[in-house]
$ cat data_28.pdb   # PDB, C-alpha atoms and all ligand atoms
MODEL        1
ATOM      1  CA  MET B   1      -9.852  22.520 -10.338  1.00  0.00           C
ATOM      2  CA  VAL B   2      -7.009  24.853 -11.262  1.00  0.00           C
ATOM      3  CA  ARG B   3      -5.395  24.167 -14.650  1.00  0.00           C
ATOM      4  CA  SER B   4      -1.702  23.575 -14.342  1.00  0.00           C
ATOM      5  CA  PRO B   5       1.084  21.882 -16.295  1.00  0.00           C
ATOM      6  CA  GLY B   6       0.406  18.852 -14.100  1.00  0.00           C
ATOM      7  CA  ALA B   7      -3.135  18.533 -15.436  1.00  0.00           C
ATOM      8  CA  ASN B   8      -2.023  16.368 -18.372  1.00  0.00           C
ATOM      9  CA  ILE B   9      -0.201  14.043 -16.048  1.00  0.00           C
ATOM     10  CA  LEU B  10      -3.227  13.819 -13.797  1.00  0.00           C
ATOM     11  CA  ALA B  11      -5.406  12.888 -16.767  1.00  0.00           C
ATOM     12  CA  ILE B  12      -4.026   9.344 -16.653  1.00  0.00           C
ATOM     13  CA  PHE B  13      -5.709   8.945 -13.292  1.00  0.00           C
ATOM     14  CA  ARG B  14      -9.145   9.961 -14.577  1.00  0.00           C
ATOM     15  CA  GLY B  15     -11.810   7.568 -13.438  1.00  0.00           C
ATOM     16  CA  TYR B  16     -10.031   6.753 -10.217  1.00  0.00           C
ATOM     17  CA  ASP B  17     -12.256   7.362  -7.267  1.00  0.00           C
ATOM     18  CA  ARG B  18      -9.939   7.645  -4.348  1.00  0.00           C
ATOM     19  CA  GLU B  19      -6.463   8.765  -3.436  1.00  0.00           C
ATOM     20  CA  LEU B  20      -4.536   6.591  -1.036  1.00  0.00           C
ATOM     21  CA  VAL B  21      -2.458   8.904   1.118  1.00  0.00           C
ATOM     22  CA  CYS B  22       0.316   8.356   3.638  1.00  0.00           C
ATOM     23  CA  SER B  23      -0.860   8.821   7.212  1.00  0.00           C
ATOM     24  CA  GLN B  24       2.628  10.039   8.181  1.00  0.00           C
ATOM     25  CA  CYS B  25       3.183  12.834   5.651  1.00  0.00           C
ATOM     26  CA  ARG B  26      -0.107  13.037   3.700  1.00  0.00           C
ATOM     27  CA  SER B  27       1.572  12.444   0.347  1.00  0.00           C
ATOM     28  CA  VAL B  28      -0.418  10.637  -2.310  1.00  0.00           C
ATOM     29  CA  ILE B  29       0.722   7.024  -2.651  1.00  0.00           C
ATOM     30  CA  ALA B  30      -1.691   5.684  -5.266  1.00  0.00           C
ATOM     31  CA  TRP B  31      -5.062   6.054  -6.909  1.00  0.00           C
ATOM     32  CA  ILE B  32      -7.688   3.384  -6.586  1.00  0.00           C
ATOM     33  CA  ARG B  33     -10.809   2.610  -8.560  1.00  0.00           C
ATOM     34  CA  LEU B  34     -13.565   0.438  -7.200  1.00  0.00           C
ATOM     35  CA  ARG B  35     -16.679  -0.462  -9.135  1.00  0.00           C
ATOM     36  CA  PRO B  36     -19.417  -2.881  -8.218  1.00  0.00           C
ATOM     37  CA  PHE B  37     -18.906  -6.213  -9.948  1.00  0.00           C
ATOM     38  CA  SER B  38     -15.522  -5.352 -11.373  1.00  0.00           C
ATOM     39  CA  LEU B  39     -11.921  -5.795 -10.384  1.00  0.00           C
ATOM     40  CA  ILE B  40     -10.163  -3.277  -8.217  1.00  0.00           C
ATOM     41  CA  ALA B  41      -7.656  -1.106 -10.112  1.00  0.00           C
ATOM     42  CA  ILE B  42      -4.754   0.672  -8.461  1.00  0.00           C
ATOM     43  CA  ARG B  43      -2.189   2.946 -10.046  1.00  0.00           C
ATOM     44  CA  ASP B  44       0.864   4.389  -8.344  1.00  0.00           C
ATOM     45  CA  THR B  45       2.246   7.913  -8.662  1.00  0.00           C
ATOM     46  CA  LEU B  46       4.380   6.871 -11.643  1.00  0.00           C
ATOM     47  CA  GLY B  47       1.275   5.684 -13.477  1.00  0.00           C
ATOM     48  CA  GLN B  48       2.113   2.000 -13.036  1.00  0.00           C
ATOM     49  CA  ASP B  49      -0.522  -0.554 -12.145  1.00  0.00           C
ATOM     50  CA  VAL B  50      -0.067  -1.911  -8.643  1.00  0.00           C
ATOM     51  CA  THR B  51      -0.471  -5.674  -8.759  1.00  0.00           C
ATOM     52  CA  PRO B  52      -1.231  -7.817  -5.733  1.00  0.00           C
ATOM     53  CA  LEU B  53       1.014 -10.467  -4.251  1.00  0.00           C
ATOM     54  CA  GLY B  54      -0.184 -13.906  -3.267  1.00  0.00           C
ATOM     55  CA  GLY B  55      -0.127 -14.540   0.464  1.00  0.00           C
ATOM     56  CA  THR B  56       2.646 -17.138   0.230  1.00  0.00           C
ATOM     57  CA  VAL B  57       4.894 -14.755  -1.694  1.00  0.00           C
ATOM     58  CA  ALA B  58       4.208 -11.849   0.687  1.00  0.00           C
ATOM     59  CA  LEU B  59       4.851 -14.016   3.739  1.00  0.00           C
ATOM     60  CA  GLY B  60       8.033 -15.480   2.245  1.00  0.00           C
ATOM     61  CA  ALA B  61       9.408 -11.993   1.485  1.00  0.00           C
ATOM     62  CA  ALA B  62       8.665 -10.817   5.035  1.00  0.00           C
ATOM     63  CA  GLU B  63      10.380 -13.903   6.484  1.00  0.00           C
ATOM     64  CA  VAL B  64      13.496 -13.130   4.427  1.00  0.00           C
ATOM     65  CA  GLU B  65      13.395  -9.539   5.724  1.00  0.00           C
ATOM     66  CA  LEU B  66      13.154 -10.836   9.276  1.00  0.00           C
ATOM     67  CA  SER B  67      16.126 -13.172   8.923  1.00  0.00           C
ATOM     68  CA  ASP B  68      18.168 -10.421   7.197  1.00  0.00           C
ATOM     69  CA  ALA B  69      17.367  -7.953   9.987  1.00  0.00           C
ATOM     70  CA  LYS B  70      18.238 -10.548  12.645  1.00  0.00           C
ATOM     71  CA  ALA B  71      21.538 -11.285  10.881  1.00  0.00           C
ATOM     72  CA  VAL B  72      22.541  -7.624  11.160  1.00  0.00           C
ATOM     73  CA  GLY B  73      21.878  -7.914  14.869  1.00  0.00           C
ATOM     74  CA  ASP B  74      22.718  -4.363  16.003  1.00  0.00           C
ATOM     75  CA  SER B  75      20.475  -1.911  17.788  1.00  0.00           C
ATOM     76  CA  ALA B  76      19.647  -0.095  14.554  1.00  0.00           C
ATOM     77  CA  SER B  77      18.180  -3.302  13.097  1.00  0.00           C
ATOM     78  CA  ASP B  78      15.788  -3.799  16.052  1.00  0.00           C
ATOM     79  CA  GLY B  79      13.184  -1.633  14.331  1.00  0.00           C
ATOM     80  CA  ASP B  80      13.548  -3.677  11.145  1.00  0.00           C
ATOM     81  CA  VAL B  81      13.069  -6.900  13.129  1.00  0.00           C
ATOM     82  CA  ARG B  82       9.906  -5.502  14.738  1.00  0.00           C
ATOM     83  CA  ALA B  83       8.593  -4.238  11.387  1.00  0.00           C
ATOM     84  CA  ALA B  84       9.211  -7.624   9.738  1.00  0.00           C
ATOM     85  CA  ARG B  85       7.465  -9.433  12.635  1.00  0.00           C
ATOM     86  CA  ARG B  86       4.459  -7.110  12.321  1.00  0.00           C
ATOM     87  CA  ARG B  87       4.265  -7.845   8.596  1.00  0.00           C
ATOM     88  CA  ILE B  88       4.484 -11.603   9.173  1.00  0.00           C
ATOM     89  CA  ASP B  89       1.745 -11.411  11.814  1.00  0.00           C
ATOM     90  CA  TYR B  90      -0.449  -9.412   9.467  1.00  0.00           C
ATOM     91  CA  PHE B  91       0.057 -11.790   6.519  1.00  0.00           C
ATOM     92  CA  ARG B  92      -0.732 -14.780   8.762  1.00  0.00           C
ATOM     93  CA  ARG B  93      -3.845 -13.099  10.200  1.00  0.00           C
ATOM     94  CA  GLU B  94      -5.121 -12.394   6.694  1.00  0.00           C
ATOM     95  CA  ALA B  95      -4.100 -15.808   5.367  1.00  0.00           C
ATOM     96  CA  GLY B  96      -5.680 -16.822   2.084  1.00  0.00           C
ATOM     97  CA  GLU B  97      -5.916 -13.255   0.781  1.00  0.00           C
ATOM     98  CA  VAL B  98      -3.839 -11.356  -1.757  1.00  0.00           C
ATOM     99  CA  PHE B  99      -1.855  -8.339  -0.598  1.00  0.00           C
ATOM    100  CA  TYR B 100      -0.969  -4.932  -1.910  1.00  0.00           C
ATOM    101  CA  GLU B 101       2.266  -3.336  -0.806  1.00  0.00           C
ATOM    102  CA  PHE B 102       2.624   0.420  -0.876  1.00  0.00           C
ATOM    103  CA  THR B 103       5.637   2.591  -0.150  1.00  0.00           C
ATOM    104  CA  CYS B 104       5.168   6.314   0.334  1.00  0.00           C
ATOM    105  CA  PRO B 105       7.186   8.069  -2.409  1.00  0.00           C
ATOM    106  CA  ASN B 106       7.885  10.950  -0.031  1.00  0.00           C
ATOM    107  CA  CYS B 107       8.789   9.496   3.367  1.00  0.00           C
ATOM    108  CA  GLY B 108       9.280   5.815   2.549  1.00  0.00           C
ATOM    109  CA  THR B 109       6.708   4.495   5.028  1.00  0.00           C
ATOM    110  CA  ARG B 110       5.516   1.055   3.961  1.00  0.00           C
ATOM    111  CA  TYR B 111       1.970  -0.218   4.098  1.00  0.00           C
ATOM    112  CA  ASP B 112       0.584  -3.706   3.512  1.00  0.00           C
ATOM    113  CA  ARG B 113      -3.060  -4.270   2.818  1.00  0.00           C
ATOM    114  CA  SER B 114      -5.013  -7.418   2.098  1.00  0.00           C
ATOM    115  CA  LEU B 115      -7.623  -6.968  -0.612  1.00  0.00           C
ATOM    116  CA  PRO B 116     -10.589  -7.156   1.832  1.00  0.00           C
ATOM    117  CA  HIS B 117      -8.892  -4.740   4.219  1.00  0.00           C
ATOM    118  CA  LEU B 118      -8.122  -2.257   1.427  1.00  0.00           C
ATOM    119  CA  THR B 119     -11.634  -2.514   0.004  1.00  0.00           C
ATOM    120  CA  LYS B 120     -13.118  -1.869   3.449  1.00  0.00           C
ATOM    121  CA  ASP B 121     -10.835   1.156   4.022  1.00  0.00           C
ATOM    122  CA  VAL B 122     -11.859   2.673   0.696  1.00  0.00           C
ATOM    123  CA  ARG B 123     -15.577   2.007   1.014  1.00  0.00           C
ATOM    124  CA  HIS B 124     -15.668   3.449   4.524  1.00  0.00           C
ATOM    125  CA  ALA B 125     -13.663   6.570   3.678  1.00  0.00           C
ATOM    126  CA  PRO B 126     -15.842   9.657   4.096  1.00  0.00           C
ATOM    127  CA  ALA B 127     -14.145  11.584   1.276  1.00  0.00           C
ATOM    128  CA  GLY B 128     -11.892  11.115  -1.735  1.00  0.00           C
ATOM    129  CA  ARG B 129      -8.737  10.698   0.321  1.00  0.00           C
ATOM    130  CA  VAL B 130      -8.059   7.491   2.186  1.00  0.00           C
ATOM    131  CA  ALA B 131      -5.246   7.630   4.722  1.00  0.00           C
ATOM    132  CA  LEU B 132      -3.421   4.324   5.073  1.00  0.00           C
ATOM    133  CA  LYS B 133      -2.562   3.542   8.669  1.00  0.00           C
TER     134      LYS B 133
HETATM  135 ZN    ZN B 201       4.725   9.484   3.666  1.00  0.00          ZN
ENDMDL
END
$ encode --input "data_28.pdb" --output "structure tokens"
Amino acid sequence: MVRSPGANILAIFRGYDRELVCSQCRSVIAWIRLRPFSLIAIRDTLGQDVTPLGGTVALGAAEVELSDAKAVGDSASDGDVRAARRRIDYFRREAGEVFYEFTCPNCGTRYDRSLPHLTKDVRHAPAGRVALK
């Protein structure tokens, strides 16, 4: 690895096994550490721990987004309505799980992952970078 002024910043991510990257722009979204028999640990690009949301909270937030997008009611909000419906469907499909929400710091694409889904993505990734889709 090349030494750079950023190396000190990167040191806070030591011990993290995988980078979660945006499938749209390839920017790093977060670092994730998985160990057998221990809790998952996720840190975002600001060095903050990413904490999961309970399913009820995640679903409630998506329902508010849906009603807000419907209230706007113009053609520009159609995409927001569809995105909110997709999120609601996903949270319902994965009912009973906790969820992690990620937003790409570069392009703003949002990703939702249930804990089992995220764990599966990471464990099946062939290399150190895991593209969220
Ligand atoms: Zn992105």
$ resolve_selection --input "data_28.pdb" --expression "the PyMOL selection byres (((chain B and resi 30) around 6) and not hetatm)" --output "PyMOL selection string"
chain B and resi 19-20+28-29+31+43-45
$ residues_near_ligand --input "data_28.pdb" --ligand "ligand ZN 201 (chain B)" --cutoff "12 Å" --atoms "all atoms listed in the file" --output "number ranges by chain"
B: 20-30, 102-111, 131-133
$ residues_around --input "data_28.pdb" --residues "B:Val64" --least-positions-apart "5" --cutoff "9 Å" --atoms "all atoms listed in the file" --output "PyMOL selection string"
chain B and resi 59+69+84
$ write_last_selection --input "data_28.pdb" --atoms "C-alpha atoms" --output "PDB file, in the coordinates of the input"
ATOM      1  CA  LEU B  59       4.851 -14.016   3.739  1.00  0.00           C
ATOM      2  CA  ALA B  69      17.367  -7.953   9.987  1.00  0.00           C
ATOM      3  CA  ALA B  84       9.211  -7.624   9.738  1.00  0.00           C
TER       4      ALA B  84
END
$ atom_distance --input "data_28.pdb" --atom1 "atom CA of B:Val50" --atom2 "atom CA of B:Ser77"
28.4 Å
$ resolve_selection --input "data_28.pdb" --expression "the PyMOL selection byres (((chain B and resi 34) around 9) and not hetatm)" --output "PyMOL selection string"
chain B and resi 16-18+32-33+35-42+119+122-123
$ atom_distance --input "data_28.pdb" --atom1 "atom CA of B:Arg113" --atom2 "atom CA of B:Ala61"
14.7 Å
$ atom_distance --input "data_28.pdb" --atom1 "atom CA of B:Ser114" --atom2 "atom CA of B:Glu63"
17.3 Å
